[in-house]
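Below is one structure, written out as structure tokens; comments come after it.
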Amino acid sequence: MPVRGPIPLSVLDLAPSTSGSSAAEALRNTIDLARHAERFGYARYWLAEHHLTLGVVSAAPAVLIALVADATQTIRVGSGAVQTGYHTPVIVAEQFGTVAHIHPGRIDLGLGRSGVGRLIERANRSAAESSPRGGTTARPSVIDGLLIPAPAKIVFDPDRLRQQLDVVGHRDDAAERYGQDVRDIQAFIRGDYRTPDGTHLRSPAAEDADAQLWILAASAGDSARTAGELGLPLAANYHIVPSTVLDTVAAYRAAFRPSATLREPRVMVSADVVVAGDDATARRLASGYGPWVANIRSGEGAIAYPTPAEAAAYPWTEQDRALVADRLDTQFVGSPATVVRGLRILRDATGADELLITTITHDHADRVRSYELLAQAWARPD
């Protein structure tokens, strides 16, 4: 049975590579964790898309989703998210349509804007601005019990970033085309796609695919509005850009129009979580998170996830801590009771219909146990 409690829980997996392990081990761990998540009762198992980073192996979500779907029986499997700037709409529709035809009723197609450059620009800009709603402020705030941290200033080498985007094949017009890309993907699945001059093109791999579309958003911008205007479900981001989550959800709800897919808004909110038998153990297991995020934020890319001992030896500076303060302060770490209390606040403050949980620890067994403990605790009544 699904882990419902008050609302369902789902899993977001990056297929993390840990220090001393290989990519093959990371991928085998993903398959193993998916089987456990299904047994624990999680509703969905989503895979991320990240490229050219040592600490993350989930670089080909459609392939990995097919493998996970084959290895499981009932859990929904999907992307969190396909980065549209790296793919054309027809390729996305055909890849996910292919998997959905084999696993009807189980495949989710989560779409993101692949806006690495935009994310940096937005984060740096928002650090100097405040939202009129109060959801993003220059200082940390607590709204309905939920910590809304100050926006982080992310420092990247623009030349290095440009090289990475070029190697992966990022389309320069991707940000501007995002809404149209989503509509084109829908059209290929419906079978009514037409080129600008009216030519009707069809793809049997995509057509009539039983895949559920989601939009992932980290701000109150185009992604949230696109989800609302098309009447699609939204996955809002508290685990990467927590400062904007309330504004993101509000923008989506304001833009929402009923569709054949949804009659009313549906919101899933992501959260970083580590659960152990007691708070102290959980903090130790989560200690590698700070160095891991610091390397991402500095533009070097995720390092192989460190052991607690390696994390303890990490040469922290005040600048490092400031760089990742928003992520550290909004990670839910502790005993089952401690984490459930925090997640209930997140649920209530955002009005979430579902929570998307991502957990990274160095040892795979600790990660599996974290998801198990959370599932057991969440299933109990409030």
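Residue names in the structure tokens use chain letters A, B, ... in the order shown, residue numbers from 1 in each chain, and ligand numbers from 1 in the order shown.
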Selection near Ala254 in chain A, 10 Å with only C-alpha atoms, sequence-local residues under 6 positions removed, as a count of residues only: 5
Using only C-alpha atoms, which protein or nucleic acid residues come within 9 Å of Ser203 in chain A? Drop anything in the same chain fewer than 5 positions from it, and give the result as a CSV table (one decimal) with N, CA, C and O atoms, in the first residue's frame.
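Contents of around08.csv, as written:
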chain,number,residue,atom,x,y,z
A,90,VAL,N,10.5,16.1,-29.8
A,90,VAL,CA,10.2,14.8,-30.4
A,90,VAL,C,11.0,13.7,-29.7
A,90,VAL,O,10.6,12.6,-29.5
A,93,ALA,N,9.5,13.0,-26.3
A,93,ALA,CA,8.2,12.3,-26.5
A,93,ALA,C,8.5,10.8,-26.9
A,93,ALA,O,7.8,9.9,-26.4
A,94,GLU,N,9.4,10.6,-27.8
A,94,GLU,CA,9.7,9.2,-28.3
A,94,GLU,C,10.3,8.4,-27.2
A,94,GLU,O,10.0,7.2,-27.1
A,188,PHE,N,2.9,15.6,-29.7
A,188,PHE,CA,3.5,14.4,-30.3
A,188,PHE,C,2.8,13.2,-29.6
A,188,PHE,O,2.5,12.2,-30.2
A,189,ILE,N,2.5,13.3,-28.3
A,189,ILE,CA,1.8,12.2,-27.6
A,189,ILE,C,0.4,12.1,-28.0
A,189,ILE,O,-0.2,11.0,-28.2
A,191,GLY,N,-0.7,13.0,-31.0
A,191,GLY,CA,-0.7,12.6,-32.4
A,191,GLY,C,-1.1,13.7,-33.3
A,191,GLY,O,-1.4,13.5,-34.5
Contact residues around Thr350 in chain A with only C-alpha atoms at 9 Å, ignoring same-chain residues under 4 positions, as a PyMOL selection string: chain A and resi 146+245-246+249-250+267+269+345-346
Tell me, as an mmCIF file with N, CA, C and O atoms, in the first residue's frame, which residues lie within 8 Å of range 275-287 of chain A, counting only C-alpha atoms; anything in the same chain fewer than 6 positions away does not count.
data_model
loop_
_atom_site.group_PDB
_atom_site.id
_atom_site.type_symbol
_atom_site.label_atom_id
_atom_site.label_comp_id
_atom_site.auth_asym_id
_atom_site.auth_seq_id
_atom_site.Cartn_x
_atom_site.Cartn_y
_atom_site.Cartn_z
ATOM 1 N N PRO A 308 31.455 10.160 6.521
ATOM 2 C CA PRO A 308 31.450 11.099 7.650
ATOM 3 C C PRO A 308 32.859 11.508 8.075
ATOM 4 O O PRO A 308 33.090 12.682 8.417
ATOM 5 N N ALA A 311 34.125 13.975 5.574
ATOM 6 C CA ALA A 311 33.432 15.253 5.762
ATOM 7 C C ALA A 311 33.996 16.008 6.959
ATOM 8 O O ALA A 311 34.136 17.243 6.911
ATOM 9 N N ALA A 312 34.337 15.291 8.029
ATOM 10 C CA ALA A 312 34.886 15.930 9.227
ATOM 11 C C ALA A 312 36.229 16.581 8.935
ATOM 12 O O ALA A 312 36.604 17.578 9.575
ATOM 13 N N VAL A 333 16.879 16.471 8.972
ATOM 14 C CA VAL A 333 17.813 15.464 9.471
ATOM 15 C C VAL A 333 17.449 15.111 10.904
ATOM 16 O O VAL A 333 17.270 16.004 11.743
ATOM 17 N N GLY A 334 17.355 13.809 11.199
ATOM 18 C CA GLY A 334 17.106 13.425 12.579
ATOM 19 C C GLY A 334 16.422 12.079 12.696
ATOM 20 O O GLY A 334 16.386 11.279 11.753
ATOM 21 N N SER A 335 15.873 11.835 13.868
ATOM 22 C CA SER A 335 15.096 10.634 14.124
ATOM 23 C C SER A 335 13.816 10.675 13.304
ATOM 24 O O SER A 335 13.430 11.734 12.776
ATOM 25 N N PRO A 336 13.106 9.559 13.187
ATOM 26 C CA PRO A 336 11.830 9.597 12.460
ATOM 27 C C PRO A 336 10.877 10.668 12.983
ATOM 28 O O PRO A 336 10.263 11.392 12.188
ATOM 29 N N THR A 338 11.590 13.474 14.580
ATOM 30 C CA THR A 338 12.101 14.809 14.253
ATOM 31 C C THR A 338 11.812 15.169 12.810
ATOM 32 O O THR A 338 11.329 16.277 12.501
ATOM 33 N N VAL A 339 12.093 14.253 11.899
ATOM 34 C CA VAL A 339 11.916 14.535 10.473
ATOM 35 C C VAL A 339 10.442 14.647 10.108
ATOM 36 O O VAL A 339 10.046 15.527 9.332
ATOM 37 N N ILE A 360 20.631 11.268 0.467
ATOM 38 C CA ILE A 360 21.962 10.820 0.072
ATOM 39 C C ILE A 360 22.777 10.590 1.334
ATOM 40 O O ILE A 360 22.876 11.467 2.194
ATOM 41 N N THR A 361 23.333 9.398 1.437
ATOM 42 C CA THR A 361 24.310 9.077 2.471
ATOM 43 C C THR A 361 25.448 8.334 1.792
ATOM 44 O O THR A 361 25.308 7.863 0.661
ATOM 45 N N HIS A 362 26.564 8.215 2.493
ATOM 46 C CA HIS A 362 27.688 7.525 1.865
ATOM 47 C C HIS A 362 27.405 6.040 1.689
ATOM 48 O O HIS A 362 27.646 5.464 0.620
ATOM 49 N N ASP A 366 22.553 2.724 4.709
ATOM 50 C CA ASP A 366 22.003 3.824 5.504
ATOM 51 C C ASP A 366 20.929 4.574 4.730
ATOM 52 O O ASP A 366 19.941 5.039 5.311
ATOM 53 N N ARG A 369 17.816 2.425 4.775
ATOM 54 C CA ARG A 369 17.214 2.462 6.109
ATOM 55 C C ARG A 369 16.519 3.795 6.363
ATOM 56 O O ARG A 369 15.452 3.835 6.988
ATOM 57 N N SER A 370 17.078 4.881 5.871
ATOM 58 C CA SER A 370 16.457 6.188 6.037
ATOM 59 C C SER A 370 15.069 6.212 5.399
ATOM 60 O O SER A 370 14.091 6.674 6.016
ATOM 61 N N TYR A 371 14.971 5.719 4.185
ATOM 62 C CA TYR A 371 13.668 5.688 3.515
ATOM 63 C C TYR A 371 12.693 4.755 4.247
ATOM 64 O O TYR A 371 11.490 5.038 4.327
ATOM 65 N N LEU A 373 12.665 3.988 7.556
ATOM 66 C CA LEU A 373 12.231 4.613 8.800
ATOM 67 C C LEU A 373 11.220 5.732 8.534
ATOM 68 O O LEU A 373 10.230 5.881 9.263
ATOM 69 N N LEU A 374 11.465 6.520 7.480
ATOM 70 C CA LEU A 374 10.541 7.599 7.161
ATOM 71 C C LEU A 374 9.176 7.045 6.753
ATOM 72 O O LEU A 374 8.134 7.553 7.195
#
For Tyr238 in chain A, which residue out of A:Val92, A:Ile357, A:Ile75, A:Val63 is the nearest one, using only C-alpha atoms?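 For Tyr238 in chain A, the nearest of the given residues is A:Ile357.
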List as a short mmCIF file (atom, residue, chain, number, x, y, z; two decimals) with N, CA and C atoms, in the first residue's frame the protein and nucleic acid residues near Ala220 in chain A, meaning an atom at most 6 Å away when only C-alpha atoms are counted, but skip any in the same chain fewer than 3 places from it.
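Output contents, as saved in around-v4.cif:
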data_model
loop_
_atom_site.label_atom_id
_atom_site.label_comp_id
_atom_site.auth_asym_id
_atom_site.auth_seq_id
_atom_site.Cartn_x
_atom_site.Cartn_y
_atom_site.Cartn_z
N ALA A 224 6.49 27.57 -13.56
CA ALA A 224 5.29 27.51 -12.72
C ALA A 224 4.07 27.99 -13.49
N ASP A 247 6.63 31.21 -3.25
CA ASP A 247 6.28 32.01 -4.43
C ASP A 247 6.01 31.12 -5.64
N THR A 248 6.77 30.04 -5.77
CA THR A 248 6.58 29.12 -6.88
C THR A 248 5.19 28.52 -6.84
N ALA A 251 2.46 31.17 -7.56
CA ALA A 251 2.37 31.53 -8.98
C ALA A 251 1.66 30.44 -9.77
#
Could you make a table, as a tab-separated table, of the residues of range 169-233 of chain A that have an atom within 9 Å of an atom of range 85-89 of chain A, each with its nearest atom pair and distance in Å to one decimal, counting only C-alpha atoms, in chain and number order?
residue	atom	partner	partner_atom	distance
A:Gly169	CA	A:Tyr86	CA	5.8
A:His170	CA	A:Tyr86	CA	4.7
A:Arg171	CA	A:Gly85	CA	5.3
A:Asp172	CA	A:Gly85	CA	7.8
A:Asp173	CA	A:Gly85	CA	7.9
A:Ala174	CA	A:Gly85	CA	4.8
A:Ala175	CA	A:Gly85	CA	7.3
A:Arg177	CA	A:Gly85	CA	8.9
A:Tyr178	CA	A:Gly85	CA	8.0
A:Asp181	CA	A:Pro89	CA	5.7
A:Val182	CA	A:Pro89	CA	7.3
A:Arg183	CA	A:Pro89	CA	8.8
A:Asp184	CA	A:Pro89	CA	6.0
A:Ile185	CA	A:Pro89	CA	5.1
A:Gln186	CA	A:Pro89	CA	8.9
A:Phe188	CA	A:Pro89	CA	8.2
N, CA and C atoms of the current selection, written as a compact mmCIF listing (two decimals), in the first residue's frame:
# COMPACT_ATOMS: atom_id res chain seq x y z
N GLY A 169 25.36 19.86 -25.41
CA GLY A 169 24.49 20.19 -26.52
C GLY A 169 23.30 21.03 -26.14
N HIS A 170 23.50 21.91 -25.18
CA HIS A 170 22.42 22.77 -24.73
C HIS A 170 22.00 23.74 -25.83
N ARG A 171 20.68 23.88 -26.03
CA ARG A 171 20.16 24.80 -27.04
C ARG A 171 20.05 26.21 -26.45
N ASP A 172 20.62 27.18 -27.13
CA ASP A 172 20.64 28.54 -26.59
C ASP A 172 19.25 29.15 -26.46
N ASP A 173 18.28 28.66 -27.25
CA ASP A 173 16.94 29.22 -27.19
C ASP A 173 16.02 28.44 -26.25
N ALA A 174 16.61 27.53 -25.46
CA ALA A 174 15.79 26.62 -24.67
C ALA A 174 14.90 27.33 -23.66
N ALA A 175 15.43 28.36 -23.00
CA ALA A 175 14.65 29.05 -21.98
C ALA A 175 13.43 29.72 -22.59
N ARG A 177 11.95 28.91 -25.35
CA ARG A 177 11.08 27.95 -26.02
C ARG A 177 10.41 26.98 -25.06
N TYR A 178 10.67 27.11 -23.77
CA TYR A 178 10.23 26.07 -22.84
C TYR A 178 8.74 25.78 -22.94
N ASP A 181 8.00 24.00 -26.06
CA ASP A 181 8.52 22.63 -26.03
C ASP A 181 7.55 21.71 -25.29
N VAL A 182 7.01 22.17 -24.18
CA VAL A 182 6.05 21.35 -23.43
C VAL A 182 4.82 21.08 -24.29
N ARG A 183 4.32 22.10 -24.95
CA ARG A 183 3.15 21.92 -25.82
C ARG A 183 3.45 20.98 -26.98
N ASP A 184 4.66 21.07 -27.52
CA ASP A 184 5.03 20.17 -28.63
C ASP A 184 5.10 18.72 -28.15
N ILE A 185 5.65 18.49 -26.95
CA ILE A 185 5.69 17.14 -26.40
C ILE A 185 4.28 16.59 -26.25
N GLN A 186 3.38 17.43 -25.72
CA GLN A 186 1.98 17.00 -25.61
C GLN A 186 1.39 16.67 -26.97
N PHE A 188 2.94 15.63 -29.74
CA PHE A 188 3.45 14.36 -30.26
C PHE A 188 2.77 13.18 -29.58
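Backbone DSSP assigns strand (DSSP E) in range 246-369 of chain A to A:Val267, A:Met268, A:Val269, A:Ser270, A:Ala271, A:Asp272, A:Val273, A:Val274, A:Val275, A:Phe332, A:Val333, A:Gly334, A:Glu354, A:Leu355, A:Leu356, A:Ile357, A:Thr358.
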Grab the CA of Pro8 in chain A to CA of Thr244 in chain A distance for me, in Å with one decimal place.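 CA of Thr244 in chain A lies 22.7 Å from CA of Pro8 in chain A.
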Neighbour list for His101 in chain A as a list in words, cut-off 10 Å, only C-alpha atoms, skip fewer than 2 positions in-chain: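 Surrounding residues, per the criterion: Phe96, Gly97, Thr98, Val99, His103, Pro104, Gly105, Arg106, Ile107, Ala205, Ala206, Glu207, Asp208, Ala209, Asp210 and Ala211 of chain A.
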Polymer residues at most 10 Å from Leu67 in chain A, only C-alpha atoms, same-chain spacing of 5 or more positions, as a list of chain:residue names: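 Using only C-alpha atoms, the neighbours found are A:Leu27, A:Thr30, A:Ile31, A:Pro61, A:Ala62, A:Thr72, A:Val77, A:Val99.
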Residues from the last selection, C-alpha atoms, saved as a CSV table (one decimal), in the first residue's frame:
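Writing done, so here's result16.csv:
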chain,number,residue,atom,x,y,z
A,27,LEU,CA,23.5,2.3,-10.7
A,30,THR,CA,19.5,2.8,-7.7
A,31,ILE,CA,17.9,-0.4,-8.9
A,61,PRO,CA,17.0,9.4,-17.2
A,62,ALA,CA,15.0,7.6,-19.9
A,72,THR,CA,9.8,-3.1,-10.2
A,77,VAL,CA,8.7,5.7,-12.3
A,99,VAL,CA,9.0,3.2,-22.1
Nearest-residue call for Ile303 in chain A, choices A:Thr53, A:Asp32, A:Pro140, A:Leu47, using only C-alpha atoms: A:Thr53
